[in-house]
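Source file: final_31.tsv (TSV, C-alpha atoms)
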```tsv
chain	number	residue	atom	x	y	z
A	752	MET	CA	-21.30	-23.63	-4.47
A	753	LEU	CA	-18.56	-24.45	-1.94
A	754	PHE	CA	-15.72	-24.21	-4.44
A	755	HIS	CA	-15.33	-21.98	-7.47
A	756	PRO	CA	-12.52	-22.22	-10.09
A	757	MET	CA	-11.43	-18.66	-9.24
A	758	ASP	CA	-10.73	-19.80	-5.67
A	759	ILE	CA	-7.50	-21.35	-6.97
A	760	PHE	CA	-6.24	-17.92	-8.02
A	761	ILE	CA	-7.47	-16.36	-4.78
A	762	PHE	CA	-5.50	-18.93	-2.76
A	763	ILE	CA	-2.42	-18.25	-4.89
A	764	ALA	CA	-2.78	-14.50	-4.24
A	765	LEU	CA	-3.23	-15.24	-0.53
A	766	GLY	CA	-0.03	-17.26	-0.57
A	767	ILE	CA	1.82	-14.41	-2.27
A	768	SER	CA	0.43	-12.01	0.32
A	769	ILE	CA	1.65	-14.14	3.24
A	770	TRP	CA	5.05	-14.57	1.59
A	771	ALA	CA	5.24	-10.82	0.93
A	772	GLN	CA	4.57	-10.06	4.60
A	773	PHE	CA	7.43	-12.34	5.65
A	774	ARG	CA	9.64	-10.74	3.03
A	775	VAL	CA	8.82	-7.23	4.28
A	776	LYS	CA	9.73	-8.14	7.86
A	777	GLY	CA	12.80	-10.08	6.77
A	778	ASN	CA	14.19	-7.30	4.59
A	779	PHE	CA	13.42	-4.63	7.16
A	780	ASN	CA	15.07	-6.57	9.97
A	781	LYS	CA	18.11	-7.32	7.81
A	782	TRP	CA	18.70	-3.74	6.69
A	783	ALA	CA	17.78	-2.35	10.10
A	784	GLU	CA	21.15	-3.68	11.22
A	785	VAL	CA	23.03	-1.76	8.51
A	786	SER	CA	23.69	1.88	9.37
A	787	THR	CA	23.82	4.54	6.67
A	788	LYS	CA	27.10	6.33	6.08
A	789	THR	CA	25.54	9.68	6.95
A	790	ARG	CA	24.28	8.34	10.32
A	791	MET	CA	21.10	10.38	9.92
A	792	SER	CA	17.98	9.07	11.63
A	793	GLY	CA	14.72	8.44	9.83
A	794	ALA	CA	13.27	11.60	11.41
A	795	GLU	CA	16.27	13.67	10.34
A	796	VAL	CA	16.08	12.37	6.78
A	797	ALA	CA	12.36	13.06	6.61
A	798	ARG	CA	12.82	16.59	7.98
A	799	LYS	CA	15.63	17.41	5.57
A	800	ILE	CA	13.75	16.22	2.48
A	801	LEU	CA	10.57	17.98	3.57
A	802	ASP	CA	12.36	21.29	4.21
A	803	ASP	CA	14.34	21.09	0.97
A	804	ASN	CA	11.07	20.69	-0.91
A	805	GLY	CA	9.20	23.55	0.72
A	806	LEU	CA	7.21	21.39	3.10
A	807	GLU	CA	8.21	22.99	6.39
A	808	ALA	CA	4.55	22.92	7.48
A	809	VAL	CA	4.45	19.12	7.42
A	810	SER	CA	5.23	17.81	10.90
A	811	ILE	CA	6.74	14.49	11.97
A	812	GLU	CA	5.44	12.46	14.90
A	813	VAL	CA	6.34	9.18	16.60
A	814	VAL	CA	3.70	6.44	16.73
A	815	SER	CA	3.67	3.08	18.45
A	816	GLY	CA	3.80	-0.21	16.61
A	817	LYS	CA	6.18	-1.83	14.15
A	818	LEU	CA	5.99	-0.65	10.54
A	819	SER	CA	3.02	1.55	11.43
A	820	ASP	CA	4.51	4.42	9.40
A	821	HIS	CA	2.19	6.53	7.26
A	822	TYR	CA	1.45	10.00	5.93
A	823	ASP	CA	-1.71	11.71	7.12
A	824	PRO	CA	-2.82	14.07	4.30
A	825	MET	CA	-5.67	15.56	6.32
A	826	ASN	CA	-3.42	16.87	9.10
A	827	LYS	CA	-0.22	17.03	7.02
A	828	VAL	CA	1.67	14.82	9.43
A	829	ILE	CA	4.18	12.07	8.77
A	830	ARG	CA	3.92	9.46	11.51
A	831	LEU	CA	6.91	7.19	11.98
A	832	SER	CA	7.27	4.16	14.22
A	833	GLU	CA	9.93	4.46	16.93
A	834	GLU	CA	12.37	2.19	15.10
A	835	VAL	CA	12.10	4.29	11.95
A	836	TYR	CA	12.00	7.67	13.72
A	837	TYR	CA	15.11	7.13	15.80
A	838	GLY	CA	16.90	4.54	13.66
A	839	CYS	CA	19.92	5.42	11.52
A	840	SER	CA	19.72	2.27	9.40
A	841	ILE	CA	19.09	1.83	5.70
A	842	ALA	CA	15.71	0.33	6.58
A	843	SER	CA	14.73	3.33	8.72
A	844	VAL	CA	15.64	6.01	6.19
A	845	SER	CA	14.00	3.99	3.39
A	846	VAL	CA	10.66	3.88	5.14
A	847	ALA	CA	10.88	7.50	6.31
A	848	SER	CA	11.71	8.84	2.86
A	849	HIS	CA	8.93	6.76	1.32
A	850	GLU	CA	6.39	8.51	3.54
A	851	VAL	CA	7.92	11.86	2.58
A	852	GLY	CA	7.35	10.81	-1.02
A	853	HIS	CA	3.62	10.73	-0.26
A	854	ALA	CA	3.79	14.21	1.24
A	855	ILE	CA	5.47	15.52	-1.91
A	856	GLN	CA	2.84	13.78	-4.03
A	857	HIS	CA	0.22	15.61	-1.98
A	858	GLN	CA	2.01	18.92	-2.43
A	859	GLN	CA	2.22	18.44	-6.20
A	860	SER	CA	-1.34	17.08	-6.52
A	861	TYR	CA	-0.08	13.84	-8.02
A	862	LYS	CA	-3.05	12.67	-10.06
A	863	ALA	CA	-3.20	9.08	-8.82
A	864	LEU	CA	-3.03	10.25	-5.20
A	865	VAL	CA	-5.79	12.82	-5.77
A	866	ILE	CA	-8.02	10.13	-7.24
A	867	ARG	CA	-7.25	7.76	-4.36
A	868	HIS	CA	-8.16	10.41	-1.79
A	869	LYS	CA	-11.45	11.11	-3.57
A	870	ILE	CA	-12.57	7.48	-3.77
A	871	PHE	CA	-11.31	6.46	-0.32
A	872	PRO	CA	-14.58	7.21	1.57
A	873	LEU	CA	-16.61	5.24	-0.96
A	874	ALA	CA	-14.08	2.40	-1.12
A	875	ASN	CA	-13.94	2.18	2.67
A	876	LEU	CA	-17.73	2.00	2.92
A	877	ALA	CA	-18.00	-0.40	-0.01
A	878	SER	CA	-15.43	-2.86	1.34
A	879	GLY	CA	-17.54	-3.19	4.49
A	880	ILE	CA	-20.87	-3.64	2.71
A	881	ALA	CA	-19.87	-5.85	-0.23
A	882	PRO	CA	-19.17	-9.07	1.78
A	883	PHE	CA	-22.66	-8.95	3.32
A	884	MET	CA	-24.21	-8.49	-0.13
A	885	PHE	CA	-22.27	-11.46	-1.48
A	886	LEU	CA	-23.11	-13.64	1.52
A	887	GLY	CA	-26.78	-12.67	1.44
A	888	GLY	CA	-26.97	-13.28	-2.28
A	889	MET	CA	-25.41	-16.72	-1.99
A	890	LEU	CA	-27.53	-17.82	0.98
A	891	LEU	CA	-30.79	-16.45	-0.39
A	892	GLN	CA	-29.90	-17.25	-4.00
A	893	GLN	CA	-30.64	-13.67	-4.96
A	894	LEU	CA	-28.61	-12.48	-7.94
A	895	SER	CA	-29.71	-8.90	-7.32
A	896	LEU	CA	-27.82	-8.85	-3.99
A	897	ILE	CA	-24.73	-10.27	-5.66
A	898	GLY	CA	-25.05	-7.60	-8.35
A	899	VAL	CA	-25.17	-4.86	-5.71
A	900	GLY	CA	-22.18	-6.44	-4.00
A	901	ILE	CA	-20.25	-6.37	-7.28
A	902	LEU	CA	-20.92	-2.65	-7.68
A	903	PHE	CA	-19.74	-1.91	-4.14
A	904	PHE	CA	-16.72	-4.17	-4.35
A	905	SER	CA	-15.69	-2.62	-7.67
A	906	ALA	CA	-15.05	0.63	-5.82
A	907	ALA	CA	-12.80	-1.19	-3.36
A	908	VAL	CA	-10.91	-2.87	-6.21
A	909	ALA	CA	-10.51	0.47	-7.98
A	910	PHE	CA	-8.96	1.84	-4.80
A	911	GLN	CA	-6.51	-1.06	-4.69
A	912	LEU	CA	-5.56	-0.57	-8.34
A	913	ILE	CA	-4.96	3.17	-7.99
A	914	THR	CA	-2.87	2.51	-4.87
A	915	LEU	CA	-0.21	0.66	-6.90
A	916	PRO	CA	1.12	3.63	-8.91
A	917	VAL	CA	0.91	5.82	-5.79
A	918	GLU	CA	3.13	3.47	-3.80
A	919	PHE	CA	5.59	2.76	-6.60
A	920	ASP	CA	5.93	6.47	-7.34
A	921	ALA	CA	6.54	7.31	-3.68
A	922	SER	CA	9.32	4.71	-3.50
A	923	LYS	CA	10.92	6.05	-6.69
A	924	ARG	CA	10.80	9.59	-5.32
A	925	ALA	CA	12.35	8.38	-2.06
A	926	ARG	CA	15.36	6.79	-3.76
A	927	ASN	CA	15.94	9.71	-6.13
A	928	LEU	CA	15.66	12.35	-3.41
A	929	MET	CA	18.03	10.60	-1.04
A	930	LEU	CA	20.61	10.17	-3.79
A	931	SER	CA	20.30	13.72	-5.13
A	932	GLN	CA	20.48	15.27	-1.65
A	933	GLY	CA	23.51	13.28	-0.53
A	934	ILE	CA	21.59	11.34	2.11
A	935	LEU	CA	22.23	8.03	0.39
A	936	TYR	CA	25.34	6.77	-1.35
A	937	SER	CA	25.09	4.76	-4.56
A	938	ASP	CA	26.39	1.58	-2.91
A	939	GLU	CA	23.58	1.82	-0.33
A	940	GLU	CA	20.82	1.96	-2.92
A	941	ARG	CA	20.61	-1.83	-3.14
A	942	GLY	CA	19.41	-2.06	0.45
A	943	VAL	CA	16.84	0.69	-0.09
A	944	LYS	CA	15.45	-1.12	-3.11
A	945	LYS	CA	15.21	-4.38	-1.17
A	946	VAL	CA	13.21	-2.74	1.62
A	947	LEU	CA	10.87	-0.72	-0.60
A	948	ASN	CA	10.32	-3.42	-3.25
A	949	ALA	CA	9.32	-5.92	-0.57
A	950	ALA	CA	6.78	-3.44	0.79
A	951	ALA	CA	5.43	-2.80	-2.71
A	952	LEU	CA	4.87	-6.52	-3.22
A	953	THR	CA	2.31	-6.55	-0.40
A	954	TYR	CA	0.20	-4.03	-2.33
A	955	VAL	CA	0.51	-6.10	-5.50
A	956	ALA	CA	-0.65	-9.23	-3.66
A	957	ALA	CA	-3.60	-7.41	-2.07
A	958	THR	CA	-4.64	-6.05	-5.47
A	959	LEU	CA	-4.43	-9.48	-7.10
A	960	MET	CA	-6.61	-10.99	-4.40
A	961	ALA	CA	-9.21	-8.24	-4.75
A	962	VAL	CA	-9.30	-8.55	-8.54
A	963	PHE	CA	-9.70	-12.34	-8.39
A	964	GLU	CA	-12.46	-12.09	-5.78
A	965	LEU	CA	-14.32	-9.58	-7.93
A	966	ALA	CA	-13.90	-11.80	-11.00
A	967	LYS	CA	-15.29	-14.74	-9.04
A	968	PHE	CA	-18.53	-12.99	-8.16
A	969	VAL	CA	-18.89	-11.50	-11.63
A	970	MET	CA	-18.69	-15.05	-13.03
A	971	ILE	CA	-21.21	-16.31	-10.46
A	972	PHE	CA	-23.57	-13.46	-11.35
A	973	PHE	CA	-23.52	-14.10	-15.10
A	974	GLN	CA	-23.66	-17.85	-14.63
A	975	GLY	CA	-26.77	-17.40	-12.51
A	976	GLN	CA	-28.37	-15.22	-15.14
A	977	GLU	CA	-27.79	-17.87	-17.79
A	978	GLU	CA	-29.45	-20.52	-15.61
A	979	GLU	CA	-32.58	-18.44	-15.01
```
Now, as a test, write the supplied structure out as structure tokens.
Amino acid sequence: MLFHPMDIFIFIALGISIWAQFRVKGNFNKWAEVSTKTRMSGAEVARKILDDNGLEAVSIEVVSGKLSDHYDPMNKVIRLSEEVYYGCSIASVSVASHEVGHAIQHQQSYKALVIRHKIFPLANLASGIAPFMFLGGMLLQQLSLIGVGILFFSAAVAFQLITLPVEFDASKRARNLMLSQGILYSDEERGVKKVLNAAALTYVAATLMAVFELAKFVMIFFQGQEEE
């Protein structure tokens, strides 16, 4: 089957994903030109929030690449791209504080983050195996391979689903912490929301695509069983 009805929804999700990526870059670039009133850099903001929350042991490093920022829970390191690390813009402090939000989640054993860490190895392995199971099942017309692929891919979809509350919570923590600690003024919050909401949309789009792809192969599997 070259085309499946679920492909329509997959293409829609793909379109949203592409649009979300443009929106992330557009919002970041726009608010990267607007300096915060405190003139603190992303690294300074991250360090202040970490220290004020008892996370002095978490270090901050510079990494290459644009928007390559992330929190490494294994080594307890927040890695910020150069633009975010050195930048004093609303975009820079938004991204930096978001990553600190993940570090605080880790410190407090935020349930969704704990679950995501536990299923990551399986989800990572499953996302690599599932496509081969689906392809083999389609080419060889073997429902059993498709069934195995569904089981593997379900783990990857579960990872995507649990990622949503983790990311939204980290962004909420970032805004609240910057406001409560005097890093951000109320009239600057709009820019922070624009930057972080655009980033969150990319996760929503990725999750939608994964769910629709899983639904497609589940439908193919049960349709094949009915035809046997």
As a PDB file with C-alpha atoms, in the coordinates of the input, please: the residues near range 785-794 of chain A (cut-off 12 Å, all atoms listed in the file, same-chain neighbours under 4 positions excluded).
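And here's result_12.pdb as it stands now:
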```
ATOM      1  CA  ASN A 778      14.190  -7.300   4.590  1.00  0.00           C
ATOM      2  CA  PHE A 779      13.420  -4.630   7.160  1.00  0.00           C
ATOM      3  CA  ASN A 780      15.070  -6.570   9.970  1.00  0.00           C
ATOM      4  CA  LYS A 781      18.110  -7.320   7.810  1.00  0.00           C
ATOM      5  CA  ARG A 798      12.820  16.590   7.980  1.00  0.00           C
ATOM      6  CA  LYS A 799      15.630  17.410   5.570  1.00  0.00           C
ATOM      7  CA  ILE A 800      13.750  16.220   2.480  1.00  0.00           C
ATOM      8  CA  LEU A 801      10.570  17.980   3.570  1.00  0.00           C
ATOM      9  CA  SER A 810       5.230  17.810  10.900  1.00  0.00           C
ATOM     10  CA  ILE A 811       6.740  14.490  11.970  1.00  0.00           C
ATOM     11  CA  GLU A 812       5.440  12.460  14.900  1.00  0.00           C
ATOM     12  CA  VAL A 813       6.340   9.180  16.600  1.00  0.00           C
ATOM     13  CA  ASP A 820       4.510   4.420   9.400  1.00  0.00           C
ATOM     14  CA  ILE A 829       4.180  12.070   8.770  1.00  0.00           C
ATOM     15  CA  ARG A 830       3.920   9.460  11.510  1.00  0.00           C
ATOM     16  CA  LEU A 831       6.910   7.190  11.980  1.00  0.00           C
ATOM     17  CA  SER A 832       7.270   4.160  14.220  1.00  0.00           C
ATOM     18  CA  GLU A 833       9.930   4.460  16.930  1.00  0.00           C
ATOM     19  CA  GLU A 834      12.370   2.190  15.100  1.00  0.00           C
ATOM     20  CA  VAL A 835      12.100   4.290  11.950  1.00  0.00           C
ATOM     21  CA  TYR A 836      12.000   7.670  13.720  1.00  0.00           C
ATOM     22  CA  TYR A 837      15.110   7.130  15.800  1.00  0.00           C
ATOM     23  CA  GLY A 838      16.900   4.540  13.660  1.00  0.00           C
ATOM     24  CA  CYS A 839      19.920   5.420  11.520  1.00  0.00           C
ATOM     25  CA  SER A 840      19.720   2.270   9.400  1.00  0.00           C
ATOM     26  CA  ILE A 841      19.090   1.830   5.700  1.00  0.00           C
ATOM     27  CA  ALA A 842      15.710   0.330   6.580  1.00  0.00           C
ATOM     28  CA  SER A 843      14.730   3.330   8.720  1.00  0.00           C
ATOM     29  CA  VAL A 844      15.640   6.010   6.190  1.00  0.00           C
ATOM     30  CA  SER A 845      14.000   3.990   3.390  1.00  0.00           C
ATOM     31  CA  VAL A 846      10.660   3.880   5.140  1.00  0.00           C
ATOM     32  CA  ALA A 847      10.880   7.500   6.310  1.00  0.00           C
ATOM     33  CA  SER A 848      11.710   8.840   2.860  1.00  0.00           C
ATOM     34  CA  HIS A 849       8.930   6.760   1.320  1.00  0.00           C
ATOM     35  CA  GLU A 850       6.390   8.510   3.540  1.00  0.00           C
ATOM     36  CA  VAL A 851       7.920  11.860   2.580  1.00  0.00           C
ATOM     37  CA  MET A 929      18.030  10.600  -1.040  1.00  0.00           C
ATOM     38  CA  LEU A 930      20.610  10.170  -3.790  1.00  0.00           C
ATOM     39  CA  GLN A 932      20.480  15.270  -1.650  1.00  0.00           C
ATOM     40  CA  GLY A 933      23.510  13.280  -0.530  1.00  0.00           C
ATOM     41  CA  ILE A 934      21.590  11.340   2.110  1.00  0.00           C
ATOM     42  CA  LEU A 935      22.230   8.030   0.390  1.00  0.00           C
ATOM     43  CA  TYR A 936      25.340   6.770  -1.350  1.00  0.00           C
ATOM     44  CA  SER A 937      25.090   4.760  -4.560  1.00  0.00           C
ATOM     45  CA  ASP A 938      26.390   1.580  -2.910  1.00  0.00           C
ATOM     46  CA  GLU A 939      23.580   1.820  -0.330  1.00  0.00           C
ATOM     47  CA  GLU A 940      20.820   1.960  -2.920  1.00  0.00           C
ATOM     48  CA  ARG A 941      20.610  -1.830  -3.140  1.00  0.00           C
ATOM     49  CA  GLY A 942      19.410  -2.060   0.450  1.00  0.00           C
ATOM     50  CA  VAL A 943      16.840   0.690  -0.090  1.00  0.00           C
TER      51      VAL A 943
END
```
Counting all atoms listed in the file, which residue out of A:Ala925, A:Ile971, A:Val796, A:Val962 sits closest to His853 in chain A?
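Once distances to His853 in chain A are computed over all atoms listed in the file, the minimum belongs to A:Ala925.
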9 Å contact set for range 896-905 of chain A, only C-alpha atoms, chain neighbours under 6 positions out, as a PyMOL selection string
chain A and resi 873-874+876-889+961-962+965+968-969+971-972
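Counting from CA of Lys945 in chain A, the distance to CA of Ala907 in chain A is 28.3 Å.
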Distance criterion (only C-alpha atoms): nearest to Phe760 in chain A out of A:Lys967, A:Gln911, A:Lys944, A:Gln772:
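Among A:Lys967, A:Gln911, A:Lys944, A:Gln772, it is A:Lys967 that comes nearest to Phe760 in chain A.
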Selection: 12 Å around Gln858 in chain A, only C-alpha atoms, excl. self and same-chain fewer than 4 positions, as number ranges by chain
A: 801, 804-809, 824, 827, 851-854, 862, 864-865
Taking 6 positions as the minimum chain separation for residues in the same chain, which residues sit within 7 Å of range 950-958 of chain A when counting only C-alpha atoms? Answer as an MDAnalysis selection string.
chainID A and resid 764 767:768 771:772 775 911:912 915 918:919
Could you tell me how far CA of Asp802 in chain A lies from CA of Pro916 in chain A, in Å and to one decimal?
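Interatomic distance, CA of Asp802 in chain A to CA of Pro916 in chain A: 24.7 Å.
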Using only C-alpha atoms, which residue out of A:Phe754, A:Phe762, A:Tyr861, A:Phe973 lies closest to Leu959 in chain A?
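Closest candidate: A:Phe762.
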Hey, can I get the axis-aligned box for range 805-817 of chain A? All listed atoms, 5 Å padding on each side, centre and edge lengths in Å to one decimal, as AutoDock Vina command-line options.
```
--center_x 6.4 --center_y 10.9 --center_z 9.6 --size_x 15.5 --size_y 35.4 --size_z 27.7
```
From the structure just shown, export range 904-916 of chain A with all heavy atoms as a PDB file, in the first residue's frame.
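Dumped to selection23.pdb:
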```
ATOM      1  N   PHE A 904       7.989   0.669  18.604  1.00  0.00           N
ATOM      2  CA  PHE A 904       7.687   2.072  18.343  1.00  0.00           C
ATOM      3  C   PHE A 904       6.815   2.674  19.445  1.00  0.00           C
ATOM      4  O   PHE A 904       6.858   3.889  19.685  1.00  0.00           O
ATOM      5  CB  PHE A 904       6.998   2.224  16.981  1.00  0.00           C
ATOM      6  CG  PHE A 904       7.010   3.633  16.462  1.00  0.00           C
ATOM      7  CD1 PHE A 904       8.195   4.332  16.344  1.00  0.00           C
ATOM      8  CD2 PHE A 904       5.835   4.263  16.098  1.00  0.00           C
ATOM      9  CE1 PHE A 904       8.216   5.634  15.871  1.00  0.00           C
ATOM     10  CE2 PHE A 904       5.838   5.571  15.628  1.00  0.00           C
ATOM     11  CZ  PHE A 904       7.040   6.258  15.510  1.00  0.00           C
ATOM     12  N   SER A 905       6.045   1.843  20.113  1.00  0.00           N
ATOM     13  CA  SER A 905       5.215   2.322  21.223  1.00  0.00           C
ATOM     14  C   SER A 905       6.076   2.920  22.329  1.00  0.00           C
ATOM     15  O   SER A 905       5.690   3.896  22.982  1.00  0.00           O
ATOM     16  CB  SER A 905       4.370   1.172  21.788  1.00  0.00           C
ATOM     17  OG  SER A 905       3.414   0.736  20.844  1.00  0.00           O
ATOM     18  N   ALA A 906       7.256   2.323  22.543  1.00  0.00           N
ATOM     19  CA  ALA A 906       8.171   2.852  23.553  1.00  0.00           C
ATOM     20  C   ALA A 906       8.673   4.234  23.147  1.00  0.00           C
ATOM     21  O   ALA A 906       8.787   5.138  23.978  1.00  0.00           O
ATOM     22  CB  ALA A 906       9.347   1.902  23.739  1.00  0.00           C
ATOM     23  N   ALA A 907       8.947   4.407  21.848  1.00  0.00           N
ATOM     24  CA  ALA A 907       9.410   5.700  21.354  1.00  0.00           C
ATOM     25  C   ALA A 907       8.309   6.756  21.472  1.00  0.00           C
ATOM     26  O   ALA A 907       8.579   7.914  21.826  1.00  0.00           O
ATOM     27  CB  ALA A 907       9.865   5.577  19.903  1.00  0.00           C
ATOM     28  N   VAL A 908       7.079   6.353  21.191  1.00  0.00           N
ATOM     29  CA  VAL A 908       5.942   7.275  21.301  1.00  0.00           C
ATOM     30  C   VAL A 908       5.703   7.654  22.763  1.00  0.00           C
ATOM     31  O   VAL A 908       5.414   8.816  23.077  1.00  0.00           O
ATOM     32  CB  VAL A 908       4.673   6.658  20.689  1.00  0.00           C
ATOM     33  CG1 VAL A 908       3.447   7.528  20.969  1.00  0.00           C
ATOM     34  CG2 VAL A 908       4.843   6.477  19.183  1.00  0.00           C
ATOM     35  N   ALA A 909       5.851   6.675  23.648  1.00  0.00           N
ATOM     36  CA  ALA A 909       5.684   6.946  25.082  1.00  0.00           C
ATOM     37  C   ALA A 909       6.706   7.984  25.543  1.00  0.00           C
ATOM     38  O   ALA A 909       6.400   8.872  26.347  1.00  0.00           O
ATOM     39  CB  ALA A 909       5.839   5.656  25.882  1.00  0.00           C
ATOM     40  N   PHE A 910       7.923   7.874  25.019  1.00  0.00           N
ATOM     41  CA  PHE A 910       8.967   8.834  25.358  1.00  0.00           C
ATOM     42  C   PHE A 910       8.586  10.232  24.883  1.00  0.00           C
ATOM     43  O   PHE A 910       8.770  11.218  25.606  1.00  0.00           O
ATOM     44  CB  PHE A 910      10.295   8.408  24.730  1.00  0.00           C
ATOM     45  CG  PHE A 910      11.441   9.336  25.032  1.00  0.00           C
ATOM     46  CD1 PHE A 910      12.115   9.240  26.238  1.00  0.00           C
ATOM     47  CD2 PHE A 910      11.835  10.303  24.123  1.00  0.00           C
ATOM     48  CE1 PHE A 910      13.172  10.097  26.539  1.00  0.00           C
ATOM     49  CE2 PHE A 910      12.880  11.163  24.416  1.00  0.00           C
ATOM     50  CZ  PHE A 910      13.552  11.061  25.623  1.00  0.00           C
ATOM     51  N   GLN A 911       8.040  10.318  23.670  1.00  0.00           N
ATOM     52  CA  GLN A 911       7.609  11.611  23.139  1.00  0.00           C
ATOM     53  C   GLN A 911       6.492  12.204  23.987  1.00  0.00           C
ATOM     54  O   GLN A 911       6.492  13.408  24.287  1.00  0.00           O
ATOM     55  CB  GLN A 911       7.119  11.454  21.695  1.00  0.00           C
ATOM     56  CG  GLN A 911       8.201  11.127  20.693  1.00  0.00           C
ATOM     57  CD  GLN A 911       9.000  12.348  20.281  1.00  0.00           C
ATOM     58  OE1 GLN A 911       8.789  13.441  20.792  1.00  0.00           O
ATOM     59  NE2 GLN A 911       9.938  12.174  19.380  1.00  0.00           N
ATOM     60  N   LEU A 912       5.555  11.372  24.393  1.00  0.00           N
ATOM     61  CA  LEU A 912       4.416  11.858  25.182  1.00  0.00           C
ATOM     62  C   LEU A 912       4.856  12.370  26.555  1.00  0.00           C
ATOM     63  O   LEU A 912       4.387  13.407  27.020  1.00  0.00           O
ATOM     64  CB  LEU A 912       3.387  10.737  25.350  1.00  0.00           C
ATOM     65  CG  LEU A 912       2.580  10.371  24.098  1.00  0.00           C
ATOM     66  CD1 LEU A 912       1.768   9.100  24.341  1.00  0.00           C
ATOM     67  CD2 LEU A 912       1.646  11.510  23.705  1.00  0.00           C
ATOM     68  N   ILE A 913       5.763  11.643  27.188  1.00  0.00           N
ATOM     69  CA  ILE A 913       6.211  12.043  28.531  1.00  0.00           C
ATOM     70  C   ILE A 913       7.126  13.269  28.457  1.00  0.00           C
ATOM     71  O   ILE A 913       7.311  13.991  29.456  1.00  0.00           O
ATOM     72  CB  ILE A 913       6.939  10.875  29.240  1.00  0.00           C
ATOM     73  CG1 ILE A 913       6.925  11.086  30.769  1.00  0.00           C
ATOM     74  CG2 ILE A 913       8.347  10.710  28.732  1.00  0.00           C
ATOM     75  CD1 ILE A 913       5.574  11.044  31.385  1.00  0.00           C
ATOM     76  N   THR A 914       7.685  13.522  27.270  1.00  0.00           N
ATOM     77  CA  THR A 914       8.543  14.692  27.094  1.00  0.00           C
ATOM     78  C   THR A 914       7.737  15.989  27.176  1.00  0.00           C
ATOM     79  O   THR A 914       8.259  17.016  27.656  1.00  0.00           O
ATOM     80  CB  THR A 914       9.282  14.620  25.742  1.00  0.00           C
ATOM     81  OG1 THR A 914      10.247  13.561  25.800  1.00  0.00           O
ATOM     82  CG2 THR A 914      10.000  15.924  25.419  1.00  0.00           C
ATOM     83  N   LEU A 915       6.490  15.959  26.739  1.00  0.00           N
ATOM     84  CA  LEU A 915       5.671  17.176  26.710  1.00  0.00           C
ATOM     85  C   LEU A 915       5.528  17.835  28.080  1.00  0.00           C
ATOM     86  O   LEU A 915       5.846  19.024  28.235  1.00  0.00           O
ATOM     87  CB  LEU A 915       4.295  16.882  26.105  1.00  0.00           C
ATOM     88  CG  LEU A 915       4.281  16.542  24.612  1.00  0.00           C
ATOM     89  CD1 LEU A 915       2.855  16.282  24.146  1.00  0.00           C
ATOM     90  CD2 LEU A 915       4.893  17.677  23.800  1.00  0.00           C
ATOM     91  N   PRO A 916       5.049  17.109  29.110  1.00  0.00           N
ATOM     92  CA  PRO A 916       4.941  17.769  30.417  1.00  0.00           C
ATOM     93  C   PRO A 916       6.291  18.196  30.983  1.00  0.00           C
ATOM     94  O   PRO A 916       6.374  19.188  31.712  1.00  0.00           O
ATOM     95  CB  PRO A 916       4.285  16.701  31.305  1.00  0.00           C
ATOM     96  CG  PRO A 916       4.520  15.404  30.615  1.00  0.00           C
ATOM     97  CD  PRO A 916       4.516  15.740  29.153  1.00  0.00           C
TER      98      PRO A 916
END
```
